[in-house]
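Heads up, the thing below is written out as structure tokens.
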Amino acid sequence: MSTDEATFADIKAAIAAENGPDFEQKATQAWAEIIAELQLVTNTIAQEGPSYIPTVSFADIQAGSLSAAQIAEVKRKGSVVIKDVIDDKQARLWKEELEEFVKKNPQAEGFPEDDKQFFHLYWTRSQLEARAHPNMLAATTWLNTLYQPTGTSNASTLAGVDLKTPLSYADRFRIRRPGFEWNAHPPHIDGGTIERWQDIKMRSCFSDILAGSWKKHDPYVLEPRLEARTSLYQRPNQSSVFRTFQGWLALSATAPGHGTLKVFPDVLLSNAYIILRPFFRPLVAPDSKEIWDVKNWVFDLTTPEIAGVFKRQTQVGFNLHPTEELHPHLSLNKTMTSVPAVNPGDTVFWHCDVVHSVEREHNGNEDSAVMYIPSVPLTPANKRYIARQADAFRAGIPPPDFPVATTGVNFVGLGSEDDLALGKANEAARVAMGLQLVAASA
Ligand SMILES: [Fe+2]
């Protein structure tokens with residue numbers, strides 16, 4: 001047995017012990033209910049396709065006119081398209097500027113190496129402007145406030161936490177060309193892999209599920225997220241901050257089939273299923289009909305696997321990839337749903353627990369271009385990261401979460417603090433970038 005396997009078995013034993021002598025009975029009951037629910041929901045998702053994913057307008061968010069039912073739908077499904085956050089022309093202009101930057105800086109690293117389309121660039125002027133745009137900050141603030149503290153506590157009383165203060169997490173962009181096949185992003189979950197079971201704080205995000213009360217699970221409870229450690233193994237390219245939602249801003253028109261994002265649009269159910277899955281072992285083949293009969297699954301603490309968690313081949317850390325074989329009841333082949341068509345300036349956001357992938361094929365005529373811009377609220381841990389990120393920005397090197405393969409010092413036309421044109425009139429942008437103190441003392 002390898003060290004990892006021993007650790008995995010220990011983690012399962014610790015969780016079982018934590019949840020009392022009736023853990024087996026509670027987990028088994030929950031497992032049966034979750035499978036029954038998945039049978040219904042996965043069929044509905046497959047039938048409805050992209051229209052199952054909610055779309056809201058930025059204007060309605062600003063006006064506060066979304067209904068309680070709309071908000072509840074966004075929360076349950078965990079993914080949302082927000083239309084018209086940025087003016088179309090501005091978004092297209094940013095794309096042109098990114099293309100210009102890449103042309104002037106052929107040394108910029110990207111994937112694939114011989115025809116770069118996904119760029120390890122963080123500090124171009126257009127990225128800075130997009131992150132600093134008041135509408136992006138307003139949209140991410142709204143998403144942050146979908147999270148709430150439990151019980152009587154209140155977000156404003158949690159020390160160092162302000163859901164209404166958004167932070168700017170620097171990530172990359174892609175300009176994906178039609179016809180190019182993209183294998184790099186099969187269904188996966190960001191922000192925490194084995195940590196979801198191993199880290200005591202992170203697994204407390206899922207305590208209701210592990211206690212058998214999966215229906216009570218609320219993926220939007222704030223407290224356990226604040227100190228959850230999503231990166232115990234310093235895996236590169238893994239966000240170490242608490243992102244309420246991962247997201248992107250469209251810089252081109254992109255429709256289903258054009259190399260867009262796919263999601264499993266039910267974060268409550270996918271969490272419940274994925275978190276309990278390692279405690280059960282199938283007795284029949286995963287592609288057989290009998291797999292849906294709960295009698296064909298047995299509770300098992302002895303196997304050393306955590307289903308879906310894979311050791312990375314070439315780098316440290318683990319991936320979390322649900323698969324058809326290991327997670328048959330998610331029916332990923334039919335439920336991974338492409339997000340609806342977007343125009344430049346629209347945004348797409350998905351909860352940090354959502355299973356997502358990128359379409360392998362791009363059959364459209366236009367580049368599918370997006371800037372990755374997640375929703376990140378002010379919390380003590382996030383603030384610490386943003387301070388380090390601000391240092392990286394000033395030095396022109398990649399942010400701390402990303403491999404320091406390329407330094408930016410030789411790039412022509414990188415953005416600087418002076419280029420935060422919107423930031424000059426907008427202190428929120430400087431705070432978001434962790435530059436507020438610099439501004440105050442300048
Ligand atoms: Fe991802």
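Ligands are numbered from 1 in the order shown, chains are lettered A, B, ... in the order of the structure tokens, and residues start at 1 in each chain.
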Quiz item: What's the 8 Å shell around stretch 324-327 of chain A, counting only C-alpha atoms, without same-chain residues fewer than 3 positions away, as a PyMOL selection string?
Solution: chain A and resi 274+277+286-287+307-308+330-333
Output all heavy atoms for every residue in that selection, as a PDB file, in the first residue's frame.
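Wrote out18.pdb, looks like this:
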ATOM      1  N   ILE A 274     -20.645  13.302  -4.691  1.00  0.00           N
ATOM      2  CA  ILE A 274     -19.183  13.152  -4.776  1.00  0.00           C
ATOM      3  C   ILE A 274     -18.565  12.977  -3.382  1.00  0.00           C
ATOM      4  O   ILE A 274     -17.646  12.190  -3.197  1.00  0.00           O
ATOM      5  CB  ILE A 274     -18.581  14.360  -5.534  1.00  0.00           C
ATOM      6  CG1 ILE A 274     -18.964  14.261  -7.010  1.00  0.00           C
ATOM      7  CG2 ILE A 274     -17.059  14.412  -5.378  1.00  0.00           C
ATOM      8  CD1 ILE A 274     -18.728  15.521  -7.810  1.00  0.00           C
ATOM      9  N   ARG A 277     -19.484   9.397  -2.151  1.00  0.00           N
ATOM     10  CA  ARG A 277     -19.105   8.297  -3.055  1.00  0.00           C
ATOM     11  C   ARG A 277     -17.940   7.424  -2.537  1.00  0.00           C
ATOM     12  O   ARG A 277     -17.989   6.193  -2.683  1.00  0.00           O
ATOM     13  CB  ARG A 277     -18.806   8.883  -4.443  1.00  0.00           C
ATOM     14  CG  ARG A 277     -18.168   7.958  -5.459  1.00  0.00           C
ATOM     15  CD  ARG A 277     -19.086   6.826  -5.884  1.00  0.00           C
ATOM     16  NE  ARG A 277     -18.370   5.939  -6.787  1.00  0.00           N
ATOM     17  CZ  ARG A 277     -17.569   4.943  -6.380  1.00  0.00           C
ATOM     18  NH1 ARG A 277     -17.402   4.707  -5.092  1.00  0.00           N
ATOM     19  NH2 ARG A 277     -16.957   4.182  -7.263  1.00  0.00           N
ATOM     20  N   PRO A 286     -20.134  -0.462 -13.767  1.00  0.00           N
ATOM     21  CA  PRO A 286     -20.699   0.897 -13.720  1.00  0.00           C
ATOM     22  C   PRO A 286     -21.599   1.235 -14.909  1.00  0.00           C
ATOM     23  O   PRO A 286     -22.454   2.100 -14.804  1.00  0.00           O
ATOM     24  CB  PRO A 286     -19.455   1.805 -13.699  1.00  0.00           C
ATOM     25  CG  PRO A 286     -18.312   0.948 -14.103  1.00  0.00           C
ATOM     26  CD  PRO A 286     -18.670  -0.458 -13.778  1.00  0.00           C
ATOM     27  N   ASP A 287     -21.416   0.532 -16.030  1.00  0.00           N
ATOM     28  CA  ASP A 287     -22.267   0.864 -17.177  1.00  0.00           C
ATOM     29  C   ASP A 287     -23.484  -0.062 -17.281  1.00  0.00           C
ATOM     30  O   ASP A 287     -24.203  -0.049 -18.269  1.00  0.00           O
ATOM     31  CB  ASP A 287     -21.448   0.837 -18.478  1.00  0.00           C
ATOM     32  CG  ASP A 287     -20.771  -0.514 -18.691  1.00  0.00           C
ATOM     33  OD1 ASP A 287     -20.857  -1.373 -17.776  1.00  0.00           O
ATOM     34  OD2 ASP A 287     -20.170  -0.708 -19.760  1.00  0.00           O
ATOM     35  N   ALA A 307     -12.741   8.133  -4.621  1.00  0.00           N
ATOM     36  CA  ALA A 307     -13.131   8.122  -6.034  1.00  0.00           C
ATOM     37  C   ALA A 307     -13.033   9.512  -6.657  1.00  0.00           C
ATOM     38  O   ALA A 307     -13.586  10.471  -6.126  1.00  0.00           O
ATOM     39  CB  ALA A 307     -14.559   7.598  -6.161  1.00  0.00           C
ATOM     40  N   GLY A 308     -12.340   9.584  -7.747  1.00  0.00           N
ATOM     41  CA  GLY A 308     -12.227  10.849  -8.480  1.00  0.00           C
ATOM     42  C   GLY A 308     -10.963  11.618  -8.168  1.00  0.00           C
ATOM     43  O   GLY A 308     -10.597  12.536  -8.892  1.00  0.00           O
ATOM     44  N   LEU A 330     -23.921  10.329 -11.928  1.00  0.00           N
ATOM     45  CA  LEU A 330     -23.928  11.716 -12.442  1.00  0.00           C
ATOM     46  C   LEU A 330     -24.235  11.717 -13.943  1.00  0.00           C
ATOM     47  O   LEU A 330     -24.545  12.768 -14.503  1.00  0.00           O
ATOM     48  CB  LEU A 330     -22.578  12.400 -12.188  1.00  0.00           C
ATOM     49  CG  LEU A 330     -22.207  12.705 -10.727  1.00  0.00           C
ATOM     50  CD1 LEU A 330     -20.837  13.372 -10.653  1.00  0.00           C
ATOM     51  CD2 LEU A 330     -23.259  13.602 -10.057  1.00  0.00           C
ATOM     52  N   SER A 331     -24.126  10.556 -14.584  1.00  0.00           N
ATOM     53  CA  SER A 331     -24.396  10.439 -16.031  1.00  0.00           C
ATOM     54  C   SER A 331     -23.731  11.566 -16.811  1.00  0.00           C
ATOM     55  O   SER A 331     -24.377  12.264 -17.600  1.00  0.00           O
ATOM     56  CB  SER A 331     -25.914  10.443 -16.295  1.00  0.00           C
ATOM     57  OG  SER A 331     -26.548   9.431 -15.558  1.00  0.00           O
ATOM     58  N   LEU A 332     -22.449  11.734 -16.570  1.00  0.00           N
ATOM     59  CA  LEU A 332     -21.756  12.908 -17.120  1.00  0.00           C
ATOM     60  C   LEU A 332     -21.863  13.014 -18.636  1.00  0.00           C
ATOM     61  O   LEU A 332     -21.887  14.121 -19.182  1.00  0.00           O
ATOM     62  CB  LEU A 332     -20.276  12.889 -16.692  1.00  0.00           C
ATOM     63  CG  LEU A 332     -20.042  13.043 -15.185  1.00  0.00           C
ATOM     64  CD1 LEU A 332     -18.584  12.773 -14.835  1.00  0.00           C
ATOM     65  CD2 LEU A 332     -20.439  14.436 -14.706  1.00  0.00           C
ATOM     66  N   ASN A 333     -21.944  11.858 -19.318  1.00  0.00           N
ATOM     67  CA  ASN A 333     -22.031  11.911 -20.789  1.00  0.00           C
ATOM     68  C   ASN A 333     -23.228  12.689 -21.276  1.00  0.00           C
ATOM     69  O   ASN A 333     -23.202  13.285 -22.347  1.00  0.00           O
ATOM     70  CB  ASN A 333     -22.098  10.493 -21.384  1.00  0.00           C
ATOM     71  CG  ASN A 333     -20.728   9.855 -21.395  1.00  0.00           C
ATOM     72  OD1 ASN A 333     -19.723  10.545 -21.191  1.00  0.00           O
ATOM     73  ND2 ASN A 333     -20.674   8.550 -21.608  1.00  0.00           N
TER      74      ASN A 333
END
Quiz item: Within 7 Å of ligand 1, counting only C-alpha atoms and all ligand atoms, which protein or nucleic acid residues do you find, written as an MDAnalysis selection string?
Solution: chainID A and resid 188:190 356:357
Give me a file of those residues, with all heavy atoms, as a PDB file, in the first residue's frame.
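Written file, result.pdb:
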ATOM      1  N   HIS A 188     -14.058  18.285 -14.112  1.00  0.00           N
ATOM      2  CA  HIS A 188     -13.208  18.388 -12.917  1.00  0.00           C
ATOM      3  C   HIS A 188     -13.790  19.438 -11.973  1.00  0.00           C
ATOM      4  O   HIS A 188     -14.707  20.176 -12.334  1.00  0.00           O
ATOM      5  CB  HIS A 188     -11.770  18.759 -13.295  1.00  0.00           C
ATOM      6  CG  HIS A 188     -11.633  20.144 -13.858  1.00  0.00           C
ATOM      7  ND1 HIS A 188     -11.968  20.439 -15.162  1.00  0.00           N
ATOM      8  CD2 HIS A 188     -11.220  21.313 -13.311  1.00  0.00           C
ATOM      9  CE1 HIS A 188     -11.760  21.726 -15.385  1.00  0.00           C
ATOM     10  NE2 HIS A 188     -11.320  22.297 -14.272  1.00  0.00           N
ATOM     11  N   ILE A 189     -13.213  19.477 -10.771  1.00  0.00           N
ATOM     12  CA  ILE A 189     -13.589  20.499  -9.789  1.00  0.00           C
ATOM     13  C   ILE A 189     -12.328  21.253  -9.418  1.00  0.00           C
ATOM     14  O   ILE A 189     -11.270  20.645  -9.209  1.00  0.00           O
ATOM     15  CB  ILE A 189     -14.224  19.866  -8.529  1.00  0.00           C
ATOM     16  CG1 ILE A 189     -15.468  19.070  -8.933  1.00  0.00           C
ATOM     17  CG2 ILE A 189     -14.600  20.940  -7.511  1.00  0.00           C
ATOM     18  CD1 ILE A 189     -16.135  18.341  -7.782  1.00  0.00           C
ATOM     19  N   ASP A 190     -12.421  22.573  -9.344  1.00  0.00           N
ATOM     20  CA  ASP A 190     -11.273  23.394  -8.943  1.00  0.00           C
ATOM     21  C   ASP A 190     -11.269  23.552  -7.424  1.00  0.00           C
ATOM     22  O   ASP A 190     -12.215  23.174  -6.740  1.00  0.00           O
ATOM     23  CB  ASP A 190     -11.397  24.813  -9.528  1.00  0.00           C
ATOM     24  CG  ASP A 190     -11.406  24.840 -11.037  1.00  0.00           C
ATOM     25  OD1 ASP A 190     -10.810  23.963 -11.660  1.00  0.00           O
ATOM     26  OD2 ASP A 190     -12.013  25.781 -11.589  1.00  0.00           O
ATOM     27  N   HIS A 356     -17.058  20.990 -13.798  1.00  0.00           N
ATOM     28  CA  HIS A 356     -17.076  21.704 -15.080  1.00  0.00           C
ATOM     29  C   HIS A 356     -16.025  21.158 -16.030  1.00  0.00           C
ATOM     30  O   HIS A 356     -15.091  20.468 -15.613  1.00  0.00           O
ATOM     31  CB  HIS A 356     -16.901  23.209 -14.859  1.00  0.00           C
ATOM     32  CG  HIS A 356     -15.611  23.577 -14.188  1.00  0.00           C
ATOM     33  ND1 HIS A 356     -15.383  23.360 -12.844  1.00  0.00           N
ATOM     34  CD2 HIS A 356     -14.465  24.126 -14.665  1.00  0.00           C
ATOM     35  CE1 HIS A 356     -14.167  23.769 -12.530  1.00  0.00           C
ATOM     36  NE2 HIS A 356     -13.572  24.229 -13.624  1.00  0.00           N
ATOM     37  N   SER A 357     -16.192  21.470 -17.304  1.00  0.00           N
ATOM     38  CA  SER A 357     -15.240  21.024 -18.319  1.00  0.00           C
ATOM     39  C   SER A 357     -15.283  22.035 -19.454  1.00  0.00           C
ATOM     40  O   SER A 357     -16.076  22.970 -19.430  1.00  0.00           O
ATOM     41  CB  SER A 357     -15.622  19.622 -18.834  1.00  0.00           C
ATOM     42  OG  SER A 357     -16.882  19.654 -19.464  1.00  0.00           O
TER      43      SER A 357
END
Exercise. For A:Met202, work out the shell of residues within 9 Å, counting only C-alpha atoms and skipping chain neighbours fewer than 6 positions away, then give it as a PyMOL selection string.
Key: chain A and resi 192+195-196+224-225+227-230
Serialized selection, C-alpha atoms, as an mmCIF file, in the first residue's frame:
data_model
loop_
_atom_site.group_PDB
_atom_site.id
_atom_site.type_symbol
_atom_site.label_atom_id
_atom_site.label_comp_id
_atom_site.auth_asym_id
_atom_site.auth_seq_id
_atom_site.Cartn_x
_atom_site.Cartn_y
_atom_site.Cartn_z
ATOM 1 C CA GLY A 192 -9.610 21.639 -3.394
ATOM 2 C CA GLU A 195 -8.558 18.563 0.691
ATOM 3 C CA ARG A 196 -12.367 18.229 0.537
ATOM 4 C CA PRO A 224 -16.318 26.954 6.936
ATOM 5 C CA ARG A 225 -15.142 28.344 3.612
ATOM 6 C CA GLU A 227 -10.415 28.833 6.667
ATOM 7 C CA ALA A 228 -10.844 25.828 4.400
ATOM 8 C CA ARG A 229 -7.476 24.918 2.961
ATOM 9 C CA THR A 230 -7.899 24.165 -0.720
#
Quiz item: Of the residues A:Thr323, A:Gly212, A:Ala14, A:Ser288, which is the one nearest to A:Asp199, using only C-alpha atoms?
Solution: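 The answer is A:Ala14, which sits nearest to A:Asp199.
Atom CA of A:Gly396 is found 23.5 Å from atom CA of A:Gly247.
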Quiz item: Quick one: DSSP strand (DSSP E) residues in stretch 9-223 of chain A, as a list of chain:residue names?
Solution: A:Thr55, A:Val56, A:Ser57, A:Ser79, A:Val80, A:Val81, A:Ile82, A:Lys83, A:Gly110, A:Phe111, A:Phe118, A:Phe119, A:Asp162, A:Leu163, A:Lys164, A:Thr165, A:Pro166, A:Leu167, A:Phe173, A:Arg174, A:Ile175, A:Arg176
Exercise. Tell me which of A:Val221, A:Ala91, A:Ala184, A:Leu261 sits closest to A:Gly345, counting only C-alpha atoms.
Key: A:Ala91
Quiz item: Looking at A:Glu290, A:Glu361, A:Asp353, A:Glu33, which one is nearest to A:Pro328, with distances taken over only C-alpha atoms?
Solution: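 Under the stated criterion, the closest residue is A:Glu290.
Comparing A:Asp300, A:Glu129, A:Glu24, A:Asp401 by their smallest distance to A:Glu417, the closest is A:Glu129 (using only C-alpha atoms).
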Quiz item: Residues of stretch 153-320 of chain A in helix (DSSP H, G or I) according to DSSP, as a VMD selection string?
Solution: chain A and resid 155 to 157 195 to 198 200 to 210 214 to 216 223 to 227 267 to 279 289 to 292 294 to 296
Quiz item: Pick from A:Gly317, A:Pro380, A:Pro219, A:Gly160: nearest to A:Leu269, with only C-alpha atoms counted?
Solution: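 Among the listed residues, A:Pro219 lies closest to A:Leu269.
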Practice problem: Report the distance between atom CA of A:Lys289 and atom CA of A:Glu37 in Å, rounded to one decimal place. | Solution: 16.2 Å
Exercise. Point out the residue among A:Glu359, A:Asp171, A:Glu223, A:Asp367 with the least atom-to-atom distance to A:Thr260, counting only C-alpha atoms.
Key: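 The answer is A:Glu359, which sits nearest to A:Thr260.
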Quiz prompt | Neighbour list for A:Ala36 as a ChimeraX atom specification, cut-off 12 Å, only C-alpha atoms, skip fewer than 5 positions in-chain | solution = /A:29-31,41-43,269,273,291-294,329-330
Quiz prompt | Pairwise distance for atom CA of A:Val85 and atom CA of A:Arg176, rounded to one decimal in Å | solution =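 So the two atoms, atom CA of A:Val85 and atom CA of A:Arg176, lie 21.6 Å apart.
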Self-check item: 9 Å contact set for stretch 178-180 of chain A, only C-alpha atoms, chain neighbours under 6 positions out, as a ChimeraX atom specification
Solution: /A:258-259,360-368
Requested write-out: N, CA, C and O atoms of the selected residues, as a CSV table (one decimal), in the first residue's frame:
chain,number,residue,atom,x,y,z
A,258,HIS,N,-19.2,25.7,-29.7
A,258,HIS,CA,-18.1,26.6,-30.1
A,258,HIS,C,-16.9,26.6,-29.0
A,258,HIS,O,-16.4,27.7,-28.8
A,259,GLY,N,-16.7,25.5,-28.4
A,259,GLY,CA,-15.6,25.5,-27.5
A,259,GLY,C,-15.8,26.2,-26.2
A,259,GLY,O,-15.0,26.7,-25.5
A,360,ARG,N,-14.7,19.8,-26.0
A,360,ARG,CA,-13.5,19.4,-26.8
A,360,ARG,C,-13.4,20.0,-28.1
A,360,ARG,O,-12.3,20.4,-28.6
A,361,GLU,N,-14.5,20.2,-28.7
A,361,GLU,CA,-14.5,20.7,-30.1
A,361,GLU,C,-15.0,22.1,-30.2
A,361,GLU,O,-15.8,22.6,-29.4
A,362,HIS,N,-14.5,22.8,-31.2
A,362,HIS,CA,-15.0,24.2,-31.4
A,362,HIS,C,-15.4,24.2,-32.9
A,362,HIS,O,-14.5,24.3,-33.8
A,363,ASN,N,-16.7,24.1,-33.1
A,363,ASN,CA,-17.2,24.1,-34.5
A,363,ASN,C,-17.7,25.4,-35.0
A,363,ASN,O,-18.5,25.5,-36.0
A,364,GLY,N,-17.4,26.5,-34.3
A,364,GLY,CA,-17.9,27.8,-34.7
A,364,GLY,C,-17.0,28.4,-35.7
A,364,GLY,O,-16.1,27.8,-36.2
A,365,ASN,N,-17.3,29.7,-36.1
A,365,ASN,CA,-16.5,30.4,-37.0
A,365,ASN,C,-15.6,31.5,-36.4
A,365,ASN,O,-14.7,32.0,-37.0
A,366,GLU,N,-15.9,31.8,-35.2
A,366,GLU,CA,-15.2,32.9,-34.5
A,366,GLU,C,-14.3,32.3,-33.4
A,366,GLU,O,-14.6,31.3,-32.8
A,367,ASP,N,-13.3,33.0,-33.0
A,367,ASP,CA,-12.5,32.6,-31.8
A,367,ASP,C,-13.4,32.6,-30.6
A,367,ASP,O,-14.3,33.4,-30.5
A,368,SER,N,-13.1,31.7,-29.7
A,368,SER,CA,-13.9,31.7,-28.5
A,368,SER,C,-12.9,32.2,-27.4
A,368,SER,O,-11.9,31.6,-27.0
Exercise. Name the residues in contact with A:Trp197 at a cut-off of 10 Å, using only C-alpha atoms, excluding same-chain residues fewer than 2 positions from it; report them as a ChimeraX atom specification.
Key: /A:8,11-12,14-15,192-195,199-206,210,275-276,278,306
